[in-house]
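Chemist: Structure file final-v3.txt (compact mmCIF, C-alpha atoms) right here:
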```
# COMPACT_ATOMS: atom_id res chain seq x y z
CA MET A 7 96.63 99.94 67.17
CA ARG A 8 96.07 97.17 69.72
CA GLY A 9 98.61 98.79 72.03
CA LYS A 10 96.78 102.11 71.82
CA ALA A 11 93.44 100.43 72.61
CA SER A 12 94.97 98.62 75.60
CA LYS A 13 96.45 101.89 76.88
CA THR A 14 93.08 103.65 76.51
CA LEU A 15 91.31 100.83 78.37
CA LEU A 16 93.91 100.96 81.13
CA HIS A 17 93.41 104.71 81.54
CA LEU A 18 89.63 104.25 81.66
CA VAL A 19 89.92 101.61 84.38
CA LEU A 20 92.35 103.74 86.40
CA GLY A 21 90.14 106.79 85.94
CA ALA A 22 87.08 104.88 87.15
CA GLY A 23 89.04 103.66 90.17
CA ALA A 24 90.16 107.22 90.95
CA VAL A 25 86.57 108.49 90.77
CA ILE A 26 85.35 105.72 93.08
CA MET A 27 88.08 106.56 95.61
CA ILE A 28 87.48 110.32 95.56
CA VAL A 29 83.67 110.19 95.84
CA PRO A 30 83.63 109.70 99.68
CA PHE A 31 85.94 112.70 100.15
CA VAL A 32 83.83 114.91 97.89
CA TRP A 33 80.70 113.80 99.74
CA MET A 34 82.36 114.62 103.06
CA ILE A 35 83.29 118.13 101.93
CA ILE A 36 79.86 118.84 100.45
CA SER A 37 78.13 117.49 103.56
CA SER A 38 80.28 119.72 105.76
CA LEU A 39 78.70 122.74 104.06
CA LYS A 40 75.06 121.65 104.37
CA SER A 41 72.58 122.87 106.94
CA HIS A 42 71.47 120.55 109.73
CA ALA A 43 68.10 120.07 108.02
CA GLU A 44 69.60 119.16 104.65
CA ILE A 45 72.24 116.79 105.97
CA SER A 46 69.63 114.74 107.85
CA ALA A 47 66.97 114.94 105.16
CA TYR A 48 65.54 111.84 103.48
CA PRO A 49 65.93 111.24 100.62
CA PRO A 50 69.44 112.71 100.82
CA VAL A 51 70.08 116.16 99.40
CA LEU A 52 72.95 115.77 96.95
CA TRP A 53 73.71 119.47 96.56
CA PRO A 54 73.16 122.07 99.30
CA THR A 55 70.77 124.90 98.53
CA GLU A 56 72.82 127.11 100.85
CA TRP A 57 76.52 126.83 101.61
CA VAL A 58 76.81 126.94 105.40
CA TRP A 59 80.45 127.96 105.89
CA SER A 60 79.76 128.63 109.55
CA ASN A 61 79.87 124.87 110.18
CA TYR A 62 83.65 125.07 110.36
CA PRO A 63 84.00 127.73 113.08
CA ASN A 64 81.04 126.19 114.91
CA ALA A 65 82.74 122.80 114.85
CA MET A 66 85.92 124.35 116.20
CA SER A 67 84.01 125.95 119.08
CA PHE A 68 81.76 122.92 119.77
CA ALA A 69 84.74 121.08 121.28
CA PRO A 70 88.35 122.13 122.01
CA PHE A 71 89.25 121.19 118.44
CA GLY A 72 92.32 123.41 118.46
CA THR A 73 93.71 121.41 121.39
CA TYR A 74 92.98 118.11 119.65
CA PHE A 75 94.66 119.35 116.48
CA ARG A 76 97.72 120.54 118.39
CA ASN A 77 98.05 117.25 120.27
CA SER A 78 97.81 115.17 117.09
CA LEU A 79 100.36 117.39 115.37
CA LEU A 80 102.85 117.20 118.23
CA ILE A 81 102.50 113.43 118.53
CA ALA A 82 102.75 112.84 114.77
CA VAL A 83 105.80 115.09 114.43
CA GLY A 84 107.40 113.49 117.49
CA HIS A 85 106.84 109.99 116.13
CA THR A 86 108.19 110.97 112.72
CA VAL A 87 111.35 112.61 114.05
CA ILE A 88 112.14 109.78 116.48
CA ASN A 89 111.43 107.10 113.88
CA LEU A 90 113.63 108.75 111.26
CA ALA A 91 116.50 109.33 113.69
CA LEU A 92 116.56 105.81 115.16
CA ALA A 93 115.49 103.79 112.12
CA THR A 94 118.16 105.33 109.86
CA MET A 95 120.88 104.42 112.35
CA ALA A 96 119.49 100.92 112.88
CA GLY A 97 119.07 100.33 109.15
CA TYR A 98 122.59 101.57 108.43
CA ALA A 99 124.07 99.34 111.13
CA LEU A 100 122.24 96.27 109.84
CA ALA A 101 123.26 96.98 106.25
CA ARG A 102 126.79 98.37 106.50
CA VAL A 103 128.34 97.56 109.87
CA PRO A 104 129.55 93.94 110.14
CA PHE A 105 128.91 92.53 113.60
CA ARG A 106 128.03 89.13 114.99
CA GLY A 107 124.32 88.38 115.14
CA ARG A 108 123.06 91.10 112.81
CA THR A 109 121.22 88.54 110.65
CA VAL A 110 119.43 87.20 113.72
CA ILE A 111 118.51 90.73 114.77
CA PHE A 112 117.20 91.51 111.31
CA MET A 113 115.10 88.34 111.28
CA ALA A 114 113.68 89.28 114.68
CA ILE A 115 112.73 92.70 113.30
CA LEU A 116 111.00 91.06 110.34
CA ALA A 117 109.15 88.77 112.75
CA THR A 118 107.79 91.75 114.69
CA MET A 119 106.32 93.12 111.45
CA MET A 120 104.12 90.02 111.27
CA ILE A 121 102.54 90.53 114.70
CA PRO A 122 99.03 92.04 114.38
CA THR A 123 98.84 95.50 115.90
CA TYR A 124 95.84 94.80 118.13
CA THR A 125 97.52 91.81 119.79
CA LYS A 126 100.11 94.20 121.20
CA ILE A 127 97.64 96.61 122.79
CA VAL A 128 97.26 94.83 126.14
CA PRO A 129 101.01 94.15 126.70
CA GLN A 130 101.86 97.73 125.78
CA TYR A 131 99.18 99.03 128.14
CA LEU A 132 100.49 96.92 131.02
CA ILE A 133 104.07 98.04 130.35
CA ALA A 134 103.01 101.70 130.26
CA LYS A 135 100.96 101.33 133.46
CA GLY A 136 103.79 99.54 135.27
CA MET A 137 106.56 101.98 134.32
CA PRO A 138 108.75 102.44 137.43
CA PHE A 139 109.09 105.88 139.05
CA PHE A 140 106.30 107.41 136.94
CA GLY A 141 102.76 108.27 137.99
CA GLY A 142 103.29 107.30 141.61
CA ASN A 143 104.84 103.89 140.87
CA ASP A 144 107.64 102.49 142.97
CA TYR A 145 110.78 100.89 141.56
CA LEU A 146 108.79 97.73 140.82
CA GLY A 147 106.13 99.65 138.89
CA ARG A 148 103.44 99.27 141.53
CA GLY A 149 101.16 101.68 143.34
CA GLY A 150 100.41 104.18 140.59
CA TYR A 151 99.40 104.56 136.98
CA GLY A 152 102.81 104.89 135.33
CA TRP A 153 102.78 106.62 131.96
CA LEU A 154 98.99 106.61 131.60
CA ASP A 155 97.45 110.03 131.02
CA SER A 156 100.79 111.58 130.05
CA TRP A 157 102.69 112.64 126.95
CA TRP A 158 105.10 109.75 127.48
CA VAL A 159 102.47 107.13 126.69
CA LEU A 160 101.36 108.99 123.57
CA ILE A 161 104.83 109.50 122.08
CA ILE A 162 107.18 106.70 123.17
CA PRO A 163 105.15 103.58 122.25
CA GLY A 164 105.13 103.25 118.48
CA ALA A 165 107.80 105.86 117.91
CA LEU A 166 110.13 103.31 116.29
CA THR A 167 108.66 100.91 113.73
CA PRO A 168 110.21 97.71 112.31
CA PHE A 169 108.99 98.67 108.83
CA ALA A 170 111.14 101.81 108.91
CA ILE A 171 114.23 99.82 109.91
CA PHE A 172 113.55 97.32 107.12
CA MET A 173 113.06 100.08 104.55
CA PHE A 174 116.28 101.91 105.46
CA ARG A 175 118.27 98.67 105.54
CA GLN A 176 117.18 97.84 102.02
CA PHE A 177 118.12 101.28 100.76
CA TYR A 178 121.51 101.32 102.46
CA LEU A 179 122.22 97.88 100.96
CA SER A 180 121.53 99.26 97.49
CA LEU A 181 124.26 101.92 97.76
CA PRO A 182 127.68 101.09 96.24
CA THR A 183 130.42 100.10 98.67
CA GLU A 184 132.89 102.34 96.81
CA LEU A 185 131.31 105.38 98.47
CA GLU A 186 132.13 104.35 102.02
CA GLU A 187 135.54 103.01 100.99
CA ALA A 188 136.43 106.39 99.48
CA ALA A 189 135.15 108.14 102.59
CA ARG A 190 137.30 105.95 104.83
CA ILE A 191 140.35 106.67 102.71
CA ASP A 192 139.63 110.38 103.25
CA GLY A 193 139.72 109.73 107.00
CA MET A 194 136.01 109.91 107.81
CA GLY A 195 134.63 107.98 110.76
CA GLU A 196 131.66 105.64 110.68
CA PHE A 197 129.17 108.17 111.97
CA ALA A 198 130.38 110.80 109.50
CA ILE A 199 130.02 108.30 106.65
CA PHE A 200 126.49 107.54 107.85
CA GLY A 201 125.44 111.19 108.23
CA LYS A 202 127.28 112.95 105.41
CA VAL A 203 127.77 110.35 102.68
CA MET A 204 125.15 107.60 102.83
CA THR A 205 122.03 109.12 104.39
CA PRO A 206 121.72 112.04 101.90
CA LEU A 207 121.42 109.38 99.17
CA VAL A 208 118.34 107.72 100.69
CA LYS A 209 115.95 110.68 100.46
CA PRO A 210 113.18 108.54 98.88
CA ALA A 211 113.27 106.22 101.90
CA ILE A 212 113.25 109.18 104.29
CA ALA A 213 110.22 110.71 102.56
CA THR A 214 108.41 107.36 102.44
CA VAL A 215 108.99 106.54 106.11
CA ALA A 216 108.15 110.09 107.19
CA LEU A 217 104.85 110.08 105.31
CA ILE A 218 103.78 106.62 106.53
CA THR A 219 104.81 107.36 110.12
CA PHE A 220 103.02 110.70 110.18
CA GLU A 221 99.90 109.20 108.60
CA ASN A 222 99.73 106.27 111.03
CA SER A 223 100.28 108.52 114.01
CA TRP A 224 97.80 111.15 112.83
CA ASN A 225 95.05 108.58 112.24
CA ASN A 226 95.71 106.57 115.42
CA PHE A 227 92.50 106.23 117.39
CA LEU A 228 92.48 103.15 119.62
CA TRP A 229 95.72 103.67 121.58
CA PRO A 230 95.08 107.32 122.58
CA LEU A 231 91.50 106.39 123.47
CA ILE A 232 92.68 103.63 125.84
CA VAL A 233 95.57 105.37 127.58
CA THR A 234 94.16 108.88 128.09
CA THR A 235 91.17 110.26 129.96
CA ARG A 236 92.18 113.92 130.18
CA ASP A 237 90.54 116.16 127.61
CA ASP A 238 93.72 118.21 127.17
CA LEU A 239 95.50 115.06 125.92
CA ARG A 240 92.84 113.96 123.46
CA VAL A 241 93.88 113.66 119.81
CA ILE A 242 91.87 114.77 116.82
CA GLN A 243 90.58 111.31 115.90
CA VAL A 244 89.25 110.75 119.40
CA GLY A 245 87.98 114.31 119.56
CA LEU A 246 85.74 113.75 116.55
CA ALA A 247 83.65 111.47 118.76
CA ALA A 248 82.52 114.59 120.64
CA PHE A 249 80.12 115.31 117.78
CA GLN A 250 78.38 111.94 118.30
CA GLN A 251 76.18 112.51 121.31
CA VAL A 252 73.72 110.08 122.92
CA GLU A 253 70.72 112.15 121.84
CA LYS A 254 71.90 112.98 118.30
CA THR A 255 74.91 113.24 116.05
CA GLU A 256 76.00 116.65 114.78
CA TRP A 257 76.65 115.40 111.26
CA ALA A 258 77.48 118.79 109.76
CA TYR A 259 80.07 119.50 112.45
CA LEU A 260 81.40 115.95 112.23
CA MET A 261 81.93 116.29 108.48
CA ALA A 262 83.58 119.69 108.96
CA GLY A 263 85.89 118.28 111.63
CA SER A 264 86.71 115.25 109.47
CA THR A 265 87.56 117.53 106.57
CA LEU A 266 89.91 119.57 108.75
CA ALA A 267 91.49 116.35 110.02
CA THR A 268 92.12 115.18 106.45
CA VAL A 269 93.75 118.36 105.12
CA PRO A 270 97.21 117.92 106.75
CA MET A 271 97.64 114.44 105.24
CA ILE A 272 96.65 115.64 101.77
CA VAL A 273 99.10 118.55 101.93
CA LEU A 274 101.89 116.32 103.22
CA PHE A 275 101.31 113.75 100.47
CA LEU A 276 101.31 116.42 97.76
CA PHE A 277 104.73 117.61 98.90
CA THR A 278 106.26 114.13 99.23
CA GLN A 279 104.47 112.07 96.58
CA ARG A 280 107.41 112.06 94.16
CA TYR A 281 109.80 110.65 96.76
CA PHE A 282 107.05 108.41 98.16
CA VAL A 283 106.46 106.62 94.85
CA GLN A 284 110.19 106.45 94.17
CA GLY A 285 110.78 104.96 97.61
CA PHE A 286 108.42 102.05 97.06
CA ALA A 287 109.58 101.55 93.48
CA THR A 288 113.25 101.19 94.40
CA ALA A 289 113.08 99.53 97.84
CA GLY A 290 115.09 96.36 97.90
CA ILE A 291 116.87 96.95 94.58
CA LYS A 292 120.54 96.17 94.88
```
Write out the structure in this file as structure tokens.

Modeler:
Amino acid sequence: MRGKASKTLLHLVLGAGAVIMIVPFVWMIISSLKSHAEISAYPPVLWPTEWVWSNYPNAMSFAPFGTYFRNSLLIAVGHTVINLALATMAGYALARVPFRGRTVIFMAILATMMIPTYTKIVPQYLIAKGMPFFGGNDYLGRGGYGWLDSWWVLIIPGALTPFAIFMFRQFYLSLPTELEEAARIDGMGEFAIFGKVMTPLVKPAIATVALITFENSWNNFLWPLIVTTRDDLRVIQVGLAAFQQVEKTEWAYLMAGSTLATVPMIVLFLFTQRYFVQGFATAGIK
């Protein structure tokens, strides 16, 4: 009986937490369907008297939202693909390939995870601006603007994350050595063992890293804001600022745009949540 009461209490607490977390999203969706008068009314109108579905097409035409959406999608997909390709190989090498200094390299990777993101902004900016032979720079990286205002600066920095390498290393360590030994007896090379034997067994890690990488890239605001000035390179998070004018803020359009910006992440999480939870639950188990 006590166990049943504890379970009921736990479900009530979790349910209350879920409601608290979902309220801002519900408010955003409802606000995106209000008229301009209702969304700025005081006291606030909790439920719209008229559902203004035209806010969504109006928001799309207010600014080049389609361009912002395309840019964010291309950058997020590019980051995800590059991160998965490089981090799986790096994690496999650190876990399965014996070579001198791999412990030191792994410790260095762990150390980079402890560096706050915003402390790296200025060095990364200077490196991107001083990239040789790009943007009018000479071989010393002088005279031009390097990677700034280009796709290079949006995709290359941040494409490989130390967290992804750490995650894949832990998963590859958890796999039995008998698998690779049997593959070597069958005459398979190291890369074939990596691609055909070991990597298909770390699907939870792949889903987890893909989701986190896509989410971080999709929601990135500060870096694209700093390194781009061209409107055709703006991402969706920066583009939402177009609805906040000096004279007034188009709250209905801003809520509609924010809703559209949230949908891809929700859909992606729904498709990968099983692997995502499994990835965090089993990371590091050996």

Chemist: Quick one: distance from CA of Gly141 (chain A) to CA of Thr235 (chain A) in Å, one decimal?

Modeler: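 Going from CA of Gly141 (chain A) over to CA of Thr235 (chain A) covers 14.2 Å.
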
Chemist: Determine the nearest neighbour of Thr268 (chain A) from the options A:Tyr145, A:Phe140, A:Trp224, A:Tyr74, counting only C-alpha atoms.

Modeler: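 That would be A:Trp224, the residue with the smallest distance to Thr268 (chain A).
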
Chemist: Counting only C-alpha atoms, which of A:Met27, A:Ala22, A:Ala198, A:Leu39 gets nearest to Trp257 (chain A)?

Modeler: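 Counting only C-alpha atoms, the residue closest to Trp257 (chain A) is A:Leu39.
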
Chemist: Could you check which of A:Thr234, A:Asn143, A:Ser180, A:Gln251 is closest to Tyr131 (chain A), using only C-alpha atoms?

Modeler: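 Among the listed residues, the smallest separation from Tyr131 (chain A) belongs to A:Thr234.
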
Chemist: Pick out the closest residue to Leu160 (chain A) from this set: A:Thr14, A:Gln250, A:Asn77, A:Ser37. Count all atoms listed in the file.

Modeler: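 When distances to Leu160 (chain A) are compared using all atoms listed in the file, the smallest one comes from A:Asn77.
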
Chemist: Neighbouring residues of Ser41 (chain A) were defined as those with any atom within 8 Å, considering only C-alpha atoms; residues of the same chain fewer than 5 positions away were excluded. Please report them as number ranges by chain.

Modeler: A: 54, 56-58, 258

Chemist: Please dump the current selection as a tab-separated table (two decimals), keeping the file's coordinate frame; keep C-alpha atoms.

Modeler:
```tsv
chain	number	residue	atom	x	y	z
A	54	PRO	CA	73.16	122.07	99.30
A	56	GLU	CA	72.82	127.11	100.85
A	57	TRP	CA	76.52	126.83	101.61
A	58	VAL	CA	76.81	126.94	105.40
A	258	ALA	CA	77.48	118.79	109.76
```

Chemist: Please determine the residues with any atom at most 6 Å from (98.0, 113.3, 129.7) (coordinates as given in the file, with all atoms listed in the file counting) and report them as a ChimeraX atom specification.

Modeler: /A:155-157,236,239

Chemist: Interatomic distance between CA of Met194 (chain A) and CA of Val110 (chain A)?

Modeler: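 Pair CA of Met194 (chain A) / CA of Val110 (chain A) returns 28.7 Å.
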
Chemist: Got a minute to add N, CA and C atoms to region 72-88 of chain A and dump it as a short mmCIF file (atom, residue, chain, number, x, y, z; two decimals), in the frame of the given file?

Modeler:
```
data_model
loop_
_atom_site.label_atom_id
_atom_site.label_comp_id
_atom_site.auth_asym_id
_atom_site.auth_seq_id
_atom_site.Cartn_x
_atom_site.Cartn_y
_atom_site.Cartn_z
N GLY A 72 90.96 122.90 118.60
CA GLY A 72 92.32 123.41 118.46
C GLY A 72 93.30 122.61 119.31
N THR A 73 92.87 122.23 120.52
CA THR A 73 93.71 121.41 121.39
C THR A 73 93.92 120.03 120.80
N TYR A 74 92.85 119.43 120.27
CA TYR A 74 92.98 118.11 119.65
C TYR A 74 93.94 118.16 118.46
N PHE A 75 93.80 119.20 117.65
CA PHE A 75 94.66 119.35 116.48
C PHE A 75 96.12 119.51 116.89
N ARG A 76 96.35 120.34 117.91
CA ARG A 76 97.72 120.54 118.39
C ARG A 76 98.32 119.25 118.92
N ASN A 77 97.54 118.51 119.71
CA ASN A 77 98.05 117.25 120.27
C ASN A 77 98.41 116.26 119.18
N SER A 78 97.52 116.10 118.19
CA SER A 78 97.81 115.17 117.09
C SER A 78 99.05 115.59 116.33
N LEU A 79 99.20 116.90 116.11
CA LEU A 79 100.36 117.39 115.37
C LEU A 79 101.65 117.14 116.14
N LEU A 80 101.65 117.42 117.43
CA LEU A 80 102.85 117.20 118.23
C LEU A 80 103.22 115.72 118.28
N ILE A 81 102.23 114.86 118.46
CA ILE A 81 102.50 113.43 118.53
C ILE A 81 102.99 112.90 117.19
N ALA A 82 102.35 113.32 116.10
CA ALA A 82 102.75 112.84 114.77
C ALA A 82 104.15 113.32 114.41
N VAL A 83 104.45 114.57 114.71
CA VAL A 83 105.80 115.09 114.43
C VAL A 83 106.83 114.39 115.31
N GLY A 84 106.48 114.19 116.59
CA GLY A 84 107.40 113.49 117.49
C GLY A 84 107.69 112.07 117.02
N HIS A 85 106.65 111.34 116.64
CA HIS A 85 106.84 109.99 116.13
C HIS A 85 107.70 109.99 114.87
N THR A 86 107.44 110.93 113.98
CA THR A 86 108.19 110.97 112.72
C THR A 86 109.66 111.26 112.95
N VAL A 87 109.96 112.24 113.79
CA VAL A 87 111.35 112.61 114.05
C VAL A 87 112.10 111.46 114.73
N ILE A 88 111.49 110.88 115.76
CA ILE A 88 112.14 109.78 116.48
C ILE A 88 112.35 108.58 115.56
#
```
